[in-house]
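J.: This is the content of work-v8.txt (compact mmCIF, N, CA and C atoms):
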# COMPACT_ATOMS: atom_id res chain seq x y z
N MET A 164 -36.38 -59.37 -1.42
CA MET A 164 -36.23 -57.99 -1.82
C MET A 164 -37.54 -57.49 -2.41
N ARG A 165 -37.92 -56.33 -2.03
CA ARG A 165 -39.17 -55.76 -2.50
C ARG A 165 -38.98 -55.14 -3.86
N ALA A 166 -40.04 -55.14 -4.64
CA ALA A 166 -40.01 -54.57 -5.97
C ALA A 166 -39.85 -53.06 -5.86
N GLY A 167 -39.00 -52.47 -6.67
CA GLY A 167 -38.82 -51.03 -6.70
C GLY A 167 -37.77 -50.52 -5.73
N THR A 168 -37.27 -51.35 -4.81
CA THR A 168 -36.28 -50.91 -3.84
C THR A 168 -34.96 -50.56 -4.51
N GLY A 169 -34.57 -51.33 -5.51
CA GLY A 169 -33.32 -51.08 -6.22
C GLY A 169 -33.35 -49.75 -6.94
N ALA A 170 -34.45 -49.43 -7.58
CA ALA A 170 -34.57 -48.17 -8.30
C ALA A 170 -34.54 -46.99 -7.34
N SER A 171 -35.18 -47.16 -6.18
CA SER A 171 -35.19 -46.11 -5.18
C SER A 171 -33.79 -45.87 -4.64
N HIS A 172 -33.04 -46.94 -4.42
CA HIS A 172 -31.67 -46.86 -3.93
C HIS A 172 -30.78 -46.14 -4.96
N ASP A 173 -30.92 -46.50 -6.24
CA ASP A 173 -30.15 -45.88 -7.31
C ASP A 173 -30.45 -44.37 -7.38
N ALA A 174 -31.71 -44.01 -7.29
CA ALA A 174 -32.10 -42.61 -7.35
C ALA A 174 -31.52 -41.83 -6.17
N SER A 175 -31.49 -42.47 -5.00
CA SER A 175 -30.94 -41.84 -3.81
C SER A 175 -29.44 -41.58 -3.98
N MET A 176 -28.70 -42.54 -4.53
CA MET A 176 -27.26 -42.39 -4.75
C MET A 176 -26.99 -41.28 -5.76
N ILE A 177 -27.79 -41.25 -6.82
CA ILE A 177 -27.61 -40.22 -7.84
C ILE A 177 -27.87 -38.84 -7.24
N ALA A 178 -28.88 -38.73 -6.43
CA ALA A 178 -29.21 -37.45 -5.79
C ALA A 178 -28.07 -37.00 -4.88
N ARG A 179 -27.48 -37.94 -4.11
CA ARG A 179 -26.36 -37.59 -3.23
C ARG A 179 -25.15 -37.13 -4.04
N ARG A 180 -24.83 -37.85 -5.10
CA ARG A 180 -23.69 -37.48 -5.94
C ARG A 180 -23.94 -36.13 -6.59
N PHE A 181 -25.16 -35.92 -7.08
CA PHE A 181 -25.51 -34.67 -7.74
C PHE A 181 -25.40 -33.50 -6.76
N SER A 182 -25.86 -33.68 -5.54
CA SER A 182 -25.78 -32.60 -4.56
C SER A 182 -24.32 -32.34 -4.19
N GLY A 183 -23.48 -33.37 -4.20
CA GLY A 183 -22.04 -33.17 -3.95
C GLY A 183 -21.39 -32.37 -5.05
N VAL A 184 -21.78 -32.66 -6.30
CA VAL A 184 -21.25 -31.92 -7.44
C VAL A 184 -21.71 -30.46 -7.38
N ILE A 185 -22.95 -30.24 -7.04
CA ILE A 185 -23.47 -28.87 -6.92
C ILE A 185 -22.70 -28.12 -5.84
N ALA A 186 -22.46 -28.79 -4.70
CA ALA A 186 -21.72 -28.15 -3.62
C ALA A 186 -20.30 -27.79 -4.06
N ALA A 187 -19.66 -28.68 -4.83
CA ALA A 187 -18.31 -28.42 -5.32
C ALA A 187 -18.30 -27.23 -6.26
N PHE A 188 -19.29 -27.16 -7.17
CA PHE A 188 -19.37 -26.02 -8.07
C PHE A 188 -19.62 -24.72 -7.30
N ALA A 189 -20.46 -24.78 -6.30
CA ALA A 189 -20.75 -23.58 -5.51
C ALA A 189 -19.49 -23.10 -4.80
N LEU A 190 -18.72 -24.03 -4.24
CA LEU A 190 -17.48 -23.68 -3.56
C LEU A 190 -16.48 -23.09 -4.54
N ALA A 191 -16.34 -23.70 -5.70
CA ALA A 191 -15.41 -23.19 -6.71
C ALA A 191 -15.82 -21.80 -7.16
N ALA A 192 -17.10 -21.57 -7.36
CA ALA A 192 -17.58 -20.26 -7.78
C ALA A 192 -17.28 -19.21 -6.71
N ALA A 193 -17.49 -19.58 -5.45
CA ALA A 193 -17.22 -18.65 -4.36
C ALA A 193 -15.74 -18.31 -4.29
N LEU A 194 -14.87 -19.30 -4.47
CA LEU A 194 -13.43 -19.05 -4.43
C LEU A 194 -13.00 -18.17 -5.59
N LEU A 195 -13.53 -18.43 -6.77
CA LEU A 195 -13.18 -17.61 -7.92
C LEU A 195 -13.66 -16.18 -7.74
N ALA A 196 -14.83 -16.01 -7.21
CA ALA A 196 -15.35 -14.66 -6.96
C ALA A 196 -14.46 -13.93 -5.96
N GLY A 197 -13.99 -14.64 -4.96
CA GLY A 197 -13.12 -14.04 -3.95
C GLY A 197 -11.80 -13.60 -4.54
N CYS A 198 -11.27 -14.38 -5.49
CA CYS A 198 -10.00 -14.04 -6.10
C CYS A 198 -10.10 -12.81 -6.99
N SER A 199 -11.25 -12.59 -7.57
CA SER A 199 -11.37 -11.47 -8.49
C SER A 199 -11.84 -10.20 -7.81
N SER A 200 -12.15 -10.26 -6.54
CA SER A 200 -12.67 -9.07 -5.87
C SER A 200 -11.54 -8.10 -5.55
N ALA A 201 -11.89 -6.82 -5.51
CA ALA A 201 -10.89 -5.79 -5.22
C ALA A 201 -10.38 -5.90 -3.79
N SER A 202 -11.16 -6.50 -2.91
CA SER A 202 -10.75 -6.58 -1.51
C SER A 202 -9.63 -7.57 -1.29
N SER A 203 -9.27 -8.36 -2.31
CA SER A 203 -8.19 -9.32 -2.14
C SER A 203 -6.82 -8.63 -2.21
N THR A 204 -6.76 -7.39 -2.65
CA THR A 204 -5.51 -6.64 -2.68
C THR A 204 -5.26 -6.07 -1.29
N PRO A 205 -4.09 -6.37 -0.71
CA PRO A 205 -3.81 -5.82 0.63
C PRO A 205 -3.84 -4.29 0.61
N ALA A 206 -4.30 -3.71 1.69
CA ALA A 206 -4.40 -2.25 1.80
C ALA A 206 -3.04 -1.59 1.62
N VAL A 207 -1.97 -2.27 2.05
CA VAL A 207 -0.64 -1.67 1.92
C VAL A 207 -0.27 -1.43 0.47
N CYS A 208 -0.86 -2.19 -0.45
CA CYS A 208 -0.56 -2.00 -1.87
C CYS A 208 -1.10 -0.67 -2.37
N THR A 209 -2.30 -0.34 -1.97
CA THR A 209 -2.87 0.97 -2.32
C THR A 209 -2.09 2.07 -1.62
N ASP A 210 -1.76 1.85 -0.36
CA ASP A 210 -1.02 2.84 0.42
C ASP A 210 0.32 3.15 -0.22
N ILE A 211 1.04 2.11 -0.63
CA ILE A 211 2.38 2.32 -1.18
C ILE A 211 2.30 2.97 -2.56
N ALA A 212 1.26 2.68 -3.32
CA ALA A 212 1.10 3.33 -4.62
C ALA A 212 0.89 4.83 -4.44
N ASN A 213 0.07 5.20 -3.45
CA ASN A 213 -0.15 6.62 -3.16
C ASN A 213 1.13 7.30 -2.68
N LEU A 214 1.85 6.62 -1.80
CA LEU A 214 3.10 7.17 -1.27
C LEU A 214 4.13 7.33 -2.37
N LYS A 215 4.21 6.35 -3.25
CA LYS A 215 5.16 6.42 -4.36
C LYS A 215 4.88 7.64 -5.25
N THR A 216 3.61 7.90 -5.51
CA THR A 216 3.24 9.06 -6.32
C THR A 216 3.68 10.35 -5.64
N SER A 217 3.48 10.44 -4.34
CA SER A 217 3.85 11.66 -3.61
C SER A 217 5.36 11.83 -3.51
N VAL A 218 6.08 10.73 -3.33
CA VAL A 218 7.54 10.80 -3.27
C VAL A 218 8.08 11.26 -4.63
N THR A 219 7.49 10.76 -5.70
CA THR A 219 7.89 11.22 -7.04
C THR A 219 7.57 12.70 -7.19
N GLY A 220 6.41 13.10 -6.68
CA GLY A 220 6.04 14.52 -6.72
C GLY A 220 7.04 15.39 -5.97
N LEU A 221 7.52 14.91 -4.83
CA LEU A 221 8.52 15.64 -4.05
C LEU A 221 9.81 15.78 -4.85
N LYS A 222 10.21 14.69 -5.47
CA LYS A 222 11.45 14.68 -6.26
C LYS A 222 11.37 15.67 -7.42
N ASP A 223 10.19 15.85 -7.97
CA ASP A 223 10.02 16.70 -9.15
C ASP A 223 9.82 18.18 -8.84
N ILE A 224 9.76 18.54 -7.57
CA ILE A 224 9.56 19.95 -7.21
C ILE A 224 10.83 20.75 -7.49
N ASN A 225 10.66 21.88 -8.15
CA ASN A 225 11.74 22.83 -8.37
C ASN A 225 11.56 23.93 -7.34
N VAL A 226 12.38 23.89 -6.31
CA VAL A 226 12.22 24.82 -5.18
C VAL A 226 12.38 26.27 -5.63
N LYS A 227 13.28 26.53 -6.58
CA LYS A 227 13.47 27.91 -7.05
C LYS A 227 12.20 28.45 -7.69
N GLU A 228 11.51 27.59 -8.46
CA GLU A 228 10.30 28.05 -9.15
C GLU A 228 9.04 27.93 -8.28
N GLN A 229 8.94 26.84 -7.52
CA GLN A 229 7.71 26.56 -6.78
C GLN A 229 7.78 26.98 -5.32
N GLY A 230 8.96 27.19 -4.81
CA GLY A 230 9.13 27.66 -3.45
C GLY A 230 9.10 26.54 -2.40
N VAL A 231 9.47 26.93 -1.21
CA VAL A 231 9.53 26.01 -0.07
C VAL A 231 8.13 25.51 0.28
N SER A 232 7.12 26.31 0.05
CA SER A 232 5.76 25.89 0.40
C SER A 232 5.32 24.66 -0.41
N ALA A 233 5.80 24.52 -1.64
CA ALA A 233 5.47 23.33 -2.44
C ALA A 233 6.05 22.08 -1.81
N VAL A 234 7.26 22.21 -1.28
CA VAL A 234 7.88 21.07 -0.58
C VAL A 234 7.10 20.74 0.68
N THR A 235 6.71 21.77 1.41
CA THR A 235 5.93 21.57 2.63
C THR A 235 4.60 20.88 2.34
N ASP A 236 3.93 21.31 1.29
CA ASP A 236 2.64 20.69 0.92
C ASP A 236 2.82 19.21 0.59
N GLU A 237 3.82 18.90 -0.21
CA GLU A 237 4.06 17.51 -0.60
C GLU A 237 4.48 16.69 0.61
N LEU A 238 5.28 17.27 1.48
CA LEU A 238 5.72 16.57 2.68
C LEU A 238 4.53 16.25 3.58
N ASN A 239 3.59 17.16 3.70
CA ASN A 239 2.40 16.90 4.52
C ASN A 239 1.59 15.73 3.96
N LYS A 240 1.49 15.65 2.63
CA LYS A 240 0.81 14.50 2.02
C LYS A 240 1.55 13.21 2.35
N ILE A 241 2.86 13.25 2.23
CA ILE A 241 3.68 12.07 2.49
C ILE A 241 3.53 11.62 3.95
N LYS A 242 3.51 12.56 4.87
CA LYS A 242 3.35 12.21 6.29
C LYS A 242 2.04 11.46 6.52
N GLY A 243 0.95 11.98 5.96
CA GLY A 243 -0.35 11.33 6.12
C GLY A 243 -0.37 9.94 5.50
N GLN A 244 0.21 9.83 4.32
CA GLN A 244 0.25 8.53 3.64
C GLN A 244 1.11 7.53 4.39
N LEU A 245 2.21 7.99 4.97
CA LEU A 245 3.06 7.10 5.75
C LEU A 245 2.32 6.60 6.99
N THR A 246 1.56 7.48 7.64
CA THR A 246 0.78 7.07 8.81
C THR A 246 -0.24 6.00 8.43
N THR A 247 -0.92 6.20 7.30
CA THR A 247 -1.89 5.21 6.83
C THR A 247 -1.21 3.87 6.54
N LEU A 248 -0.08 3.92 5.86
CA LEU A 248 0.68 2.71 5.55
C LEU A 248 1.12 2.00 6.83
N LYS A 249 1.62 2.77 7.77
CA LYS A 249 2.09 2.19 9.03
C LYS A 249 0.95 1.48 9.76
N ASN A 250 -0.22 2.09 9.79
CA ASN A 250 -1.38 1.47 10.43
C ASN A 250 -1.81 0.19 9.72
N ASP A 251 -1.82 0.24 8.40
CA ASP A 251 -2.24 -0.94 7.62
C ASP A 251 -1.19 -2.05 7.64
N ALA A 252 0.07 -1.68 7.76
CA ALA A 252 1.16 -2.67 7.75
C ALA A 252 1.22 -3.49 9.04
N LYS A 253 0.68 -2.95 10.11
CA LYS A 253 0.61 -3.67 11.39
C LYS A 253 1.96 -4.27 11.81
N GLY A 254 2.99 -3.43 11.77
CA GLY A 254 4.30 -3.87 12.23
C GLY A 254 5.24 -4.34 11.14
N GLN A 255 4.69 -4.67 9.96
CA GLN A 255 5.58 -5.04 8.86
C GLN A 255 6.31 -3.80 8.37
N TYR A 256 7.47 -4.01 7.80
CA TYR A 256 8.27 -2.95 7.18
C TYR A 256 8.67 -1.87 8.18
N SER A 257 8.76 -2.24 9.46
CA SER A 257 9.04 -1.23 10.49
C SER A 257 10.39 -0.55 10.28
N THR A 258 11.38 -1.29 9.81
CA THR A 258 12.69 -0.68 9.58
C THR A 258 12.60 0.39 8.52
N GLN A 259 11.96 0.07 7.41
CA GLN A 259 11.84 1.04 6.32
C GLN A 259 10.92 2.21 6.70
N ILE A 260 9.86 1.92 7.44
CA ILE A 260 8.96 2.99 7.89
C ILE A 260 9.68 3.92 8.86
N ASP A 261 10.47 3.35 9.76
CA ASP A 261 11.24 4.17 10.69
C ASP A 261 12.27 5.03 9.95
N ASP A 262 12.92 4.45 8.94
CA ASP A 262 13.88 5.22 8.14
C ASP A 262 13.18 6.37 7.43
N MET A 263 11.99 6.10 6.93
CA MET A 263 11.22 7.14 6.24
C MET A 263 10.83 8.24 7.23
N SER A 264 10.41 7.85 8.42
CA SER A 264 10.04 8.84 9.45
C SER A 264 11.23 9.72 9.82
N THR A 265 12.38 9.11 9.94
CA THR A 265 13.60 9.86 10.27
C THR A 265 13.92 10.85 9.15
N ALA A 266 13.82 10.41 7.92
CA ALA A 266 14.08 11.30 6.78
C ALA A 266 13.07 12.44 6.74
N ILE A 267 11.82 12.14 7.02
CA ILE A 267 10.77 13.17 7.05
C ILE A 267 11.07 14.20 8.14
N ASP A 268 11.49 13.72 9.30
CA ASP A 268 11.84 14.65 10.39
C ASP A 268 12.98 15.58 9.97
N GLY A 269 13.96 15.02 9.26
CA GLY A 269 15.08 15.83 8.78
C GLY A 269 14.63 16.89 7.79
N LEU A 270 13.73 16.51 6.89
CA LEU A 270 13.23 17.48 5.92
C LEU A 270 12.37 18.54 6.61
N SER A 271 11.59 18.13 7.58
CA SER A 271 10.78 19.10 8.34
C SER A 271 11.67 20.14 9.01
N ALA A 272 12.76 19.68 9.61
CA ALA A 272 13.68 20.60 10.28
C ALA A 272 14.34 21.55 9.26
N SER A 273 14.72 21.01 8.12
CA SER A 273 15.33 21.84 7.08
C SER A 273 14.35 22.88 6.54
N LEU A 274 13.09 22.49 6.40
CA LEU A 274 12.07 23.43 5.95
C LEU A 274 11.85 24.54 6.96
N THR A 275 11.84 24.19 8.23
CA THR A 275 11.68 25.20 9.28
C THR A 275 12.81 26.21 9.22
N ALA A 276 14.04 25.73 9.04
CA ALA A 276 15.19 26.62 8.94
C ALA A 276 15.11 27.49 7.69
N ALA A 277 14.68 26.90 6.57
CA ALA A 277 14.59 27.66 5.32
C ALA A 277 13.51 28.74 5.40
N LYS A 278 12.43 28.44 6.10
CA LYS A 278 11.37 29.44 6.25
C LYS A 278 11.82 30.59 7.15
N ALA A 279 12.66 30.26 8.14
CA ALA A 279 13.15 31.29 9.05
C ALA A 279 14.19 32.19 8.37
N SER A 280 14.99 31.58 7.50
CA SER A 280 16.05 32.34 6.83
C SER A 280 16.34 31.67 5.48
N THR A 281 15.70 32.18 4.45
CA THR A 281 15.87 31.58 3.13
C THR A 281 17.16 32.10 2.50
N ASN A 282 18.08 31.17 2.31
CA ASN A 282 19.34 31.49 1.65
C ASN A 282 19.88 30.22 1.00
N ALA A 283 21.01 30.34 0.34
CA ALA A 283 21.57 29.21 -0.39
C ALA A 283 21.84 28.01 0.53
N ALA A 284 22.31 28.28 1.72
CA ALA A 284 22.64 27.19 2.64
C ALA A 284 21.39 26.45 3.10
N THR A 285 20.34 27.18 3.47
CA THR A 285 19.13 26.51 3.97
C THR A 285 18.39 25.81 2.83
N LEU A 286 18.42 26.41 1.63
CA LEU A 286 17.78 25.74 0.49
C LEU A 286 18.56 24.49 0.08
N GLY A 287 19.88 24.55 0.21
CA GLY A 287 20.71 23.37 -0.05
C GLY A 287 20.39 22.25 0.93
N ALA A 288 20.17 22.63 2.18
CA ALA A 288 19.81 21.64 3.20
C ALA A 288 18.45 21.03 2.91
N VAL A 289 17.51 21.82 2.40
CA VAL A 289 16.20 21.30 2.02
C VAL A 289 16.35 20.29 0.89
N ALA A 290 17.17 20.63 -0.10
CA ALA A 290 17.39 19.72 -1.23
C ALA A 290 18.01 18.40 -0.76
N THR A 291 18.98 18.48 0.10
CA THR A 291 19.64 17.27 0.62
C THR A 291 18.66 16.43 1.43
N ALA A 292 17.89 17.08 2.28
CA ALA A 292 16.92 16.36 3.10
C ALA A 292 15.80 15.76 2.24
N ALA A 293 15.39 16.49 1.21
CA ALA A 293 14.36 15.96 0.31
C ALA A 293 14.87 14.71 -0.40
N HIS A 294 16.14 14.75 -0.79
CA HIS A 294 16.74 13.57 -1.42
C HIS A 294 16.72 12.38 -0.45
N GLY A 295 16.94 12.66 0.82
CA GLY A 295 16.89 11.60 1.84
C GLY A 295 15.49 10.99 1.94
N VAL A 296 14.46 11.81 1.84
CA VAL A 296 13.08 11.32 1.88
C VAL A 296 12.80 10.47 0.64
N VAL A 297 13.27 10.93 -0.51
CA VAL A 297 13.06 10.18 -1.74
C VAL A 297 13.75 8.82 -1.66
N THR A 298 14.98 8.79 -1.17
CA THR A 298 15.71 7.52 -1.04
C THR A 298 15.00 6.58 -0.07
N ALA A 299 14.60 7.09 1.09
CA ALA A 299 13.90 6.26 2.08
C ALA A 299 12.56 5.79 1.51
N GLY A 300 11.90 6.66 0.77
CA GLY A 300 10.63 6.30 0.15
C GLY A 300 10.80 5.19 -0.87
N ASN A 301 11.84 5.30 -1.69
CA ASN A 301 12.10 4.26 -2.69
C ASN A 301 12.43 2.93 -2.03
N ASN A 302 13.16 2.96 -0.93
CA ASN A 302 13.47 1.73 -0.19
C ASN A 302 12.20 1.10 0.37
N LEU A 303 11.31 1.93 0.87
CA LEU A 303 10.04 1.44 1.40
C LEU A 303 9.17 0.85 0.28
N VAL A 304 9.13 1.53 -0.85
CA VAL A 304 8.37 1.02 -2.01
C VAL A 304 8.90 -0.35 -2.41
N THR A 305 10.21 -0.49 -2.47
CA THR A 305 10.80 -1.78 -2.84
C THR A 305 10.42 -2.88 -1.85
N ALA A 306 10.46 -2.57 -0.57
CA ALA A 306 10.12 -3.57 0.45
C ALA A 306 8.65 -4.00 0.35
N VAL A 307 7.76 -3.04 0.21
CA VAL A 307 6.33 -3.35 0.18
C VAL A 307 5.93 -4.00 -1.14
N SER A 308 6.64 -3.68 -2.22
CA SER A 308 6.25 -4.22 -3.52
C SER A 308 6.35 -5.74 -3.56
N HIS A 309 7.13 -6.34 -2.68
CA HIS A 309 7.18 -7.80 -2.61
C HIS A 309 5.86 -8.40 -2.13
N THR A 310 5.09 -7.62 -1.39
CA THR A 310 3.77 -8.06 -0.93
C THR A 310 2.72 -7.88 -2.04
N CYS A 311 2.92 -6.88 -2.85
CA CYS A 311 1.93 -6.54 -3.86
C CYS A 311 2.25 -7.20 -5.17
Can you give me the file's structure in the form of structure tokens?

T.:
Amino acid sequence: MRAGTGASHDASMIARRFSGVIAAFALAAALLAGCSSASSTPAVCTDIANLKTSVTGLKDINVKEQGVSAVTDELNKIKGQLTTLKNDAKGQYSTQIDDMSTAIDGLSASLTAAKASTNAATLGAVATAAHGVVTAGNNLVTAVSHTC
């Protein structure tokens, strides 16, 4: 055995172990950084939060004071938010999204009738249809909240 070979071998082993430890720390740091980043939240979580706010806004509209146009404005926001959610969900929650779309269509039809002839019957239909959108929206929020 040559002189100094043992020391060289020991130094080589220490260097390999040290580089393995550094690699492990680097991997752990990268994983922790990934967990704390905002991008780790699924897009549907932001979408459903926005939709929930708009559905609450729809529920809080006083048609007598704010008029049918306030319902129409809130409904248009809800339609856009539902489209965004549907695109981001990529097929998930299709039953609840379809139910929401059906409720939105019903409210749209009621609004059209109320704009054509505003009376107690058409405003009552708007209120009933709006309640349907709120119920479908709440069901959708509940379904998506399991992901978030």

J.: Please indicate the distance in Å from CA of Ser280 in chain A to CA of Glu228 in chain A, rounded to one decimal place.

T.: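 For CA of Ser280 in chain A relative to CA of Glu228 in chain A, the distance reads 17.5 Å.
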
J.: Which is closest to Ile211 in chain A among A:Ser273, A:Gln255, A:Gln244, A:Asn239, if we use all atoms listed in the file?

T.: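 Looking only at the distances to Ile211 in chain A, the closest residue turns out to be A:Gln244.
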
J.: Please provide as number ranges by chain all residues within 9 Å of Ala288 in chain A, with the sequence filter that same-chain residues fewer than 4 positions apart are discarded (counting only C-alpha atoms).

T.: A: 270, 273-274, 276-277, 283-284, 292-293

J.: Would you work out the distance separating atom C of Leu248 in chain A from atom C of Ala233 in chain A, expressed in Å to one decimal?

T.: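 According to the coordinates, atom C of Leu248 in chain A and atom C of Ala233 in chain A are separated by 22.4 Å.
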
J.: Which one of A:Thr258, A:Val234, A:Thr281, A:Ser203 sits closest to Leu303 in chain A if you count only N, CA and C atoms?

T.: A:Thr258
